[in-house]
Structure formats: structure tokens, C-alpha cells
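Student: Below you'll find the structure I mean.
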Amino acid sequence: FFIHLRYGSTSHTLLSSAASLTIIMKPLKFVILFSKGGLGDVGRHAVRAALDRTNPVIDQITVLSQHTETLNDENWNCSCESPHKFTDDDKKRLTIVPIDSWENGDDLTQHFEGATAVISCLGNRQMTLGDRVGGEGSRMVVKAMNQHNIERAVVMSSVGIKDDWPPLEFHWAGKIMSAIFMTCGRKDYTDLTAVEDTFLSSKDIDYLFIHPVGLGEEVVPQNKWLVQKEKYKDKSLFFNMAKLDCARFMIEEALNPTRHTTTAVVGWPKPEQE
């Protein structure tokens with residue numbers, strides 16, 4: 001007989017003979033959250049990257065943000081090759097949830113029901129924005145994940161947070177970032193630290209913290225990335241990368257996890273490393 005495994009809209013034959021048996025598994029559902037700034041821009045791009053996946057198809061994508069209106073912008077502070085627009089088919093798979101505040105988490109946890117994984121891009125490292133909702137939003141996310149037994153979270157943070165201090169030890173810009181984090185950007189550093197501390201407090205979540213290097217608006221996506229192997233010893237990372245490529249890496253790690261309860265410092269390979 002044939003055994004077909006179907007996950008959402010995808011089916012696979014595992015065994016063949018005379019009869020046929022189809023096992024239907026629950027659809028793939030991602031919850032994506034984003035805030036302002038370059039780190040939040042990666043969250044917007046994660047929505048696009050999730051919609052673009054074809055093997056497997058992510059059947060449902062729920063987006064929570066205080067800035068959902070920015071999804072209507074054609075340019076997401078990037079150099080992607082084409083304007084960002086959602087087709088009618090895209091919209092059928094999207095559930096967009098505008099929120100006013102992260103304080104009342106009880107009203108938001110319902111949107112996590114049935115989720116396969118969470119992509120969280122809350123908080124920012126741009127001191128002029130003041131959108132420091134990472135710690136507060138992450139507390140809601142962890143509560144919702146525990147309530148609905150969701151294991152996988154891929155979480156945007158920043159170089160220089162917790163064990164990754166000092167930031168960008170392989171590049172001169174790291175000294176500038178260190179100075180900013182310890183002075184005028186102290187509140188941003190504190191908020192991003194709260195993001196990681198919140199996920200670390202839950203023993204049931206398989207988290208991956210993403211520490212991207214520079215996320216340049218002028219950088220054209222090339223569908224590539226490189227994860228630093230060891231701090232101080234591995235100097236193969238280029239200082240910049242495209243926001244869409246960082247988002248693609250996050251979606252890939254949510255679908256096919258290779259790193260567990262750890263941190264990934266991610267960028268592009270230096271030109272000589274390619």
C-alpha cells in the first residue's frame with residue numbers, strides 16, 4: 001500500500017503496495033513580529049521570505065506589529081530588486097494583526113494557536129527611534145509560545161548582546177558600536193538584553209538568537225549568508241549584508257533548525273572567502 005504524508009499542501013509517499021493511506025498533518029503556520037528600525041525591517045522581509053518558500057509552502061503567516069501599515073510601503077528601506085507588493089494569493093495566506101501595545105499579552109496569545117514556529121524581530125539598535133518594545137513584547141511571545149506548546153523561535157537581537165560582547169570584534173566599527181551601546185544607546189542595549197533574557201528564562205523554547213552585522217539599505221540581496229564559527233578566531237565575515245538575506249536565514253532556521261539554544265552571528269562572507 002501507499003502511505004502519503006501530507007503537511008499542509010504537500011504530500012509524500014513513504015511506502016508503496018496495493019492499498020493507499022493518507023496521513024494529514026497540520027498546516028505550517030508562522031507567527032512573525034516586527035518593530036521599527038533596521039532589525040524590524042528584517043521582520044518585514046521575513047514575511048516576504050516566508051511567502052516565497054515553495055518547498056515546503058508555509059500555509060499560514062500571522063503578522064503582529066504596531067507598524068503593520070509599513071507593509072504597504074513599496075520600499076522597505078532596502079535595495080531589493082523589485083517593489084514589495086502582496087499578490088491576491090499572498091493575501092490569502094496572510095493574517096495581519098495591528099496592535100496598539102504589547103502590555104496586554106492575554107489578548108494577543110490567541111494569534112499563536114497552531115503555530116509551527118515564531119520569528120521575532122522586536123526591539124532596535126537605532127537610538128533615535130525610541131521603539132524599545134523588545135523586552136515587553138518578548139515576554140508576551142514567550143507566554144504565548146508556552147501556552148500553545150510552540151517550541152521553535154528564531155529571535156532577532158544584535159551583535160554585542162550578552163556573551164557576544166564586544167560587538168564586531170573583527171571590525172573597527174565594533175569600537176564605535178561599543179561606545180554607543182555604553183552611552184547614548186544604553187537603553188537600546190538594555191532592551192535587547194531583555195529580549196534574550198526573556199527567552200533564556202523558558203526551558204521549553206528552542207531559541208536561536210540572530211546577531212546580524214551591518215544591515216545596509218544599499219545592499220542588494222544575493223541569497224547568501226555566513227555564520228561566524230567562533231568569536232575572535234573566525235574573521236571571515238564581511239561587515240554588511242542584505243536585510244532580505246538575513247530574513248531568509250531566519251526562515252530557513254525556523255523550518256530546518258541546525259542551531260539550538262544558541263546565538264548565530266551572521267553576515268556575508270568576505271569576497272576572498274567565496
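Residues are named by chain letter and number: chains run A, B, ... in the order of the C-alpha cells, numbers start at 1 in each chain, and ligands are numbered from 1 in the order shown.
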Among region 71-237 of chain A, which ones does DSSP assign to helix (DSSP H, G or I) (computed from the backbone)? Answer as number ranges by chain.
Tutor: A: 71-72, 88-93, 105-107, 109-112, 134-147, 162-164, 173-182, 186-200
Student: Just the residues within 8 Å of Ala153 (chain A), please, counting only C-alpha atoms, with nothing from its chain fewer than 2 positions along; format it as a list in words.
Tutor: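 Surrounding residues, per the criterion: Ala117, Val118, Ile119, Ser120, Glu151, Val155, Ile205, Asp206, Tyr207, Leu208 and Ala254 of chain A.
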Student: Please identify every residue of region 234-265 of chain A that has at least one atom no farther than 10 Å from an atom of region 79-96 of chain A, counting only C-alpha atoms, and for each give the shortest atom pair and the distance in Å to one decimal, arranged by chain then increasing number, as JSON lines.
Tutor:
{"residue": "A:Ala242", "atom": "CA", "partner": "A:Ser79", "partner_atom": "CA", "distance": 8.0}
{"residue": "A:Lys243", "atom": "CA", "partner": "A:Cys80", "partner_atom": "CA", "distance": 8.9}
{"residue": "A:Leu244", "atom": "CA", "partner": "A:Cys80", "partner_atom": "CA", "distance": 7.6}
Student: Could you write out that same residue set with all heavy atoms as a short mmCIF file (atom, residue, chain, number, x, y, z; two decimals), in the first residue's frame?
Tutor:
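The new file out.cif reads:
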data_model
loop_
_atom_site.label_atom_id
_atom_site.label_comp_id
_atom_site.auth_asym_id
_atom_site.auth_seq_id
_atom_site.Cartn_x
_atom_site.Cartn_y
_atom_site.Cartn_z
N ALA A 242 22.47 41.98 3.20
CA ALA A 242 21.14 42.46 2.83
C ALA A 242 20.11 42.01 3.85
O ALA A 242 20.18 40.90 4.39
CB ALA A 242 20.76 41.95 1.44
N LYS A 243 19.13 42.86 4.10
CA LYS A 243 18.08 42.53 5.06
C LYS A 243 17.29 41.30 4.63
O LYS A 243 16.92 40.46 5.47
CB LYS A 243 17.16 43.73 5.24
CG LYS A 243 17.85 44.94 5.87
CD LYS A 243 16.97 46.17 5.90
CE LYS A 243 17.74 47.37 6.47
NZ LYS A 243 16.92 48.61 6.49
N LEU A 244 17.03 41.17 3.35
CA LEU A 244 16.29 40.02 2.86
C LEU A 244 17.07 38.73 3.07
O LEU A 244 16.50 37.69 3.41
CB LEU A 244 15.94 40.19 1.38
CG LEU A 244 15.15 39.04 0.73
CD1 LEU A 244 13.84 38.78 1.47
CD2 LEU A 244 14.87 39.33 -0.75
#
Student: Each residue of region 132-182 of chain A with at least one atom at most 12 Å from region 57-71 of chain A should appear once, together with its nearest atom pair and the corresponding distance in Å (one decimal); atoms considered: only C-alpha atoms; ordering: chain, then increasing residue number; output as a Markdown table.
Tutor:
| residue | atom | partner | partner_atom | distance |
| --- | --- | --- | --- | --- |
| A:Arg132 | CA | A:Gln66 | CA | 11.9 |
| A:Val133 | CA | A:Gln66 | CA | 9.9 |
| A:Gly134 | CA | A:Ser65 | CA | 11.7 |
| A:Gly137 | CA | A:Ser65 | CA | 9.8 |
| A:Met140 | CA | A:Leu64 | CA | 11.6 |
| A:Val141 | CA | A:Leu64 | CA | 10.6 |
Student: The selected residues should be written to file as a PDB file, in the first residue's frame (atoms: N, CA and C atoms).
Tutor:
ATOM      1  N   ARG A 132      11.490  50.911  21.836  1.00  0.00           N
ATOM      2  CA  ARG A 132      12.134  49.875  22.651  1.00  0.00           C
ATOM      3  C   ARG A 132      11.058  48.968  23.245  1.00  0.00           C
ATOM      4  N   VAL A 133      10.549  48.072  22.425  1.00  0.00           N
ATOM      5  CA  VAL A 133       9.476  47.165  22.847  1.00  0.00           C
ATOM      6  C   VAL A 133       9.954  45.721  22.901  1.00  0.00           C
ATOM      7  N   GLY A 134      11.269  45.509  22.752  1.00  0.00           N
ATOM      8  CA  GLY A 134      11.784  44.149  22.678  1.00  0.00           C
ATOM      9  C   GLY A 134      11.526  43.331  23.922  1.00  0.00           C
ATOM     10  N   GLY A 137       7.603  43.018  24.506  1.00  0.00           N
ATOM     11  CA  GLY A 137       6.997  42.149  23.500  1.00  0.00           C
ATOM     12  C   GLY A 137       7.440  40.710  23.645  1.00  0.00           C
ATOM     13  N   MET A 140       5.488  38.692  26.148  1.00  0.00           N
ATOM     14  CA  MET A 140       4.224  38.215  25.597  1.00  0.00           C
ATOM     15  C   MET A 140       4.446  37.012  24.694  1.00  0.00           C
ATOM     16  N   VAL A 141       5.498  37.065  23.855  1.00  0.00           N
ATOM     17  CA  VAL A 141       5.783  35.979  22.918  1.00  0.00           C
ATOM     18  C   VAL A 141       6.075  34.677  23.669  1.00  0.00           C
TER      19      VAL A 141
END
Student: Quick one: pick out all strand (DSSP E) residues within region 10-135 of chain A from a backbone DSSP run and write them as a ChimeraX atom specification.
Tutor: /A:10-15,20-25,29-34,60-65,94-98,117-121
Student: Expressed in Å to a single decimal, how great is the separation between CA of Thr183 (chain A) and CA of Gly267 (chain A)?
Tutor: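 CA of Gly267 (chain A) lies at a distance of 25.5 Å from CA of Thr183 (chain A).
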Student: Between region 158-218 of chain A and region 23-38 of chain A, at 9 Å or less, what are the per-residue closest atom pairs and their distances in Å? Count only C-alpha atoms, order by chain and rising residue number, and return it as CSV.
Tutor:
residue,atom,partner,partner_atom,distance
A:Leu215,CA,A:Gly38,CA,6.7
A:Gly216,CA,A:Gly38,CA,8.4
A:Glu217,CA,A:Gly38,CA,8.5
Student: So, with only C-alpha atoms as the atoms that count, which of A:Phe112, A:Trp76, A:Phe170, A:Trp102 lies closest to Glu230 (chain A)?
Tutor: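 Closest candidate: A:Phe170.
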Student: Mind checking which residues fall within 12 Å of Asp234 (chain A), counting only C-alpha atoms, ignoring those fewer than 4 positions away in the same chain, and posting them as a list in words?
Tutor: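 The contact residues come out as Leu168, Glu169, Phe170, His171, Leu226, Val227, Gln228, Lys229, Glu230, Phe238, Val265, Val266, Pro269, Lys270 and Gln273 of chain A.
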Student: Take the residues from that selection and write them out as a PDB file, in the first residue's frame, keeping N, CA and C atoms.
Tutor:
ATOM      1  N   LEU A 168      31.285  43.056  17.050  1.00  0.00           N
ATOM      2  CA  LEU A 168      32.105  43.197  15.844  1.00  0.00           C
ATOM      3  C   LEU A 168      33.594  43.299  16.180  1.00  0.00           C
ATOM      4  N   GLU A 169      34.084  42.342  16.957  1.00  0.00           N
ATOM      5  CA  GLU A 169      35.484  42.379  17.378  1.00  0.00           C
ATOM      6  C   GLU A 169      36.449  42.258  16.193  1.00  0.00           C
ATOM      7  N   PHE A 170      35.924  41.865  15.023  1.00  0.00           N
ATOM      8  CA  PHE A 170      36.750  41.684  13.831  1.00  0.00           C
ATOM      9  C   PHE A 170      36.785  42.929  12.939  1.00  0.00           C
ATOM     10  N   HIS A 171      36.102  44.023  13.362  1.00  0.00           N
ATOM     11  CA  HIS A 171      35.999  45.204  12.501  1.00  0.00           C
ATOM     12  C   HIS A 171      36.098  46.464  13.354  1.00  0.00           C
ATOM     13  N   LEU A 226      26.588  33.821   5.990  1.00  0.00           N
ATOM     14  CA  LEU A 226      27.657  33.071   6.633  1.00  0.00           C
ATOM     15  C   LEU A 226      27.552  33.287   8.132  1.00  0.00           C
ATOM     16  N   VAL A 227      27.667  32.212   8.902  1.00  0.00           N
ATOM     17  CA  VAL A 227      27.609  32.287  10.359  1.00  0.00           C
ATOM     18  C   VAL A 227      29.029  32.174  10.914  1.00  0.00           C
ATOM     19  N   GLN A 228      29.366  33.087  11.800  1.00  0.00           N
ATOM     20  CA  GLN A 228      30.689  33.059  12.423  1.00  0.00           C
ATOM     21  C   GLN A 228      30.857  31.770  13.234  1.00  0.00           C
ATOM     22  N   LYS A 229      31.962  31.088  13.027  1.00  0.00           N
ATOM     23  CA  LYS A 229      32.206  29.807  13.705  1.00  0.00           C
ATOM     24  C   LYS A 229      32.607  30.002  15.157  1.00  0.00           C
ATOM     25  N   GLU A 230      33.480  30.964  15.442  1.00  0.00           N
ATOM     26  CA  GLU A 230      33.963  31.167  16.805  1.00  0.00           C
ATOM     27  C   GLU A 230      34.406  32.619  16.969  1.00  0.00           C
ATOM     28  N   PHE A 238      32.062  39.380   6.342  1.00  0.00           N
ATOM     29  CA  PHE A 238      32.025  40.735   5.793  1.00  0.00           C
ATOM     30  C   PHE A 238      31.143  41.584   6.695  1.00  0.00           C
ATOM     31  N   VAL A 265      26.000  34.694  14.964  1.00  0.00           N
ATOM     32  CA  VAL A 265      26.462  35.971  14.412  1.00  0.00           C
ATOM     33  C   VAL A 265      26.527  35.783  12.903  1.00  0.00           C
ATOM     34  N   VAL A 266      25.703  36.513  12.177  1.00  0.00           N
ATOM     35  CA  VAL A 266      25.528  36.224  10.755  1.00  0.00           C
ATOM     36  C   VAL A 266      25.817  37.452   9.901  1.00  0.00           C
ATOM     37  N   PRO A 269      29.946  36.343   3.609  1.00  0.00           N
ATOM     38  CA  PRO A 269      31.369  36.024   3.572  1.00  0.00           C
ATOM     39  C   PRO A 269      32.150  37.157   2.927  1.00  0.00           C
ATOM     40  N   LYS A 270      33.393  37.361   3.382  1.00  0.00           N
ATOM     41  CA  LYS A 270      34.254  38.323   2.720  1.00  0.00           C
ATOM     42  C   LYS A 270      34.460  37.889   1.279  1.00  0.00           C
ATOM     43  N   GLN A 273      36.496  34.947   0.534  1.00  0.00           N
ATOM     44  CA  GLN A 273      36.091  33.679   1.094  1.00  0.00           C
ATOM     45  C   GLN A 273      35.152  32.932   0.157  1.00  0.00           C
TER      46      GLN A 273
END
Student: Write out as a Markdown table the residues of region 239-264 of chain A that have any atom within 12 Å of an atom of region 40-50 of chain A, one row each with the nearest atom pair and its distance in Å to one decimal, counting only C-alpha atoms, sorted by chain and then rising number.
Tutor:
| residue | atom | partner | partner_atom | distance |
| --- | --- | --- | --- | --- |
| A:Met241 | CA | A:Val42 | CA | 11.1 |
| A:Ala242 | CA | A:Val42 | CA | 9.0 |
| A:Lys243 | CA | A:Val42 | CA | 5.2 |
| A:Leu244 | CA | A:His45 | CA | 5.3 |
| A:Asp245 | CA | A:His45 | CA | 8.6 |
| A:Cys246 | CA | A:Val42 | CA | 6.7 |
| A:Ala247 | CA | A:Ala46 | CA | 4.6 |
| A:Arg248 | CA | A:Ala49 | CA | 5.6 |
| A:Phe249 | CA | A:Ala46 | CA | 9.0 |
| A:Met250 | CA | A:Ala46 | CA | 7.4 |
| A:Ile251 | CA | A:Ala50 | CA | 6.4 |
| A:Glu252 | CA | A:Ala50 | CA | 9.1 |
| A:Glu253 | CA | A:Ala50 | CA | 11.6 |
| A:Ala254 | CA | A:Ala50 | CA | 10.1 |
| A:Leu255 | CA | A:Ala50 | CA | 9.8 |
Student: Could the residues in this selection be saved with C-alpha atoms as a PDB file, in the first residue's frame?
Tutor:
ATOM      1  CA  MET A 241      24.575  42.005   4.407  1.00  0.00           C
ATOM      2  CA  ALA A 242      21.138  42.464   2.829  1.00  0.00           C
ATOM      3  CA  LYS A 243      18.083  42.532   5.065  1.00  0.00           C
ATOM      4  CA  LEU A 244      16.287  40.022   2.859  1.00  0.00           C
ATOM      5  CA  ASP A 245      19.190  37.565   3.107  1.00  0.00           C
ATOM      6  CA  CYS A 246      19.132  37.831   6.901  1.00  0.00           C
ATOM      7  CA  ALA A 247      15.374  37.189   6.791  1.00  0.00           C
ATOM      8  CA  ARG A 248      15.869  34.163   4.531  1.00  0.00           C
ATOM      9  CA  PHE A 249      18.356  32.738   7.020  1.00  0.00           C
ATOM     10  CA  MET A 250      15.820  33.178   9.821  1.00  0.00           C
ATOM     11  CA  ILE A 251      13.079  31.432   7.849  1.00  0.00           C
ATOM     12  CA  GLU A 252      15.449  28.578   6.948  1.00  0.00           C
ATOM     13  CA  GLU A 253      16.400  28.075  10.594  1.00  0.00           C
ATOM     14  CA  ALA A 254      12.731  28.089  11.592  1.00  0.00           C
ATOM     15  CA  LEU A 255      11.882  25.439   9.007  1.00  0.00           C
TER      16      LEU A 255
END
Student: Between A:Glu103, A:Val154, A:Glu74, A:Gln147, which is the closest to Thr258 (chain A) once you count only C-alpha atoms?
Tutor: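 Among the listed residues, the smallest separation from Thr258 (chain A) belongs to A:Val154.
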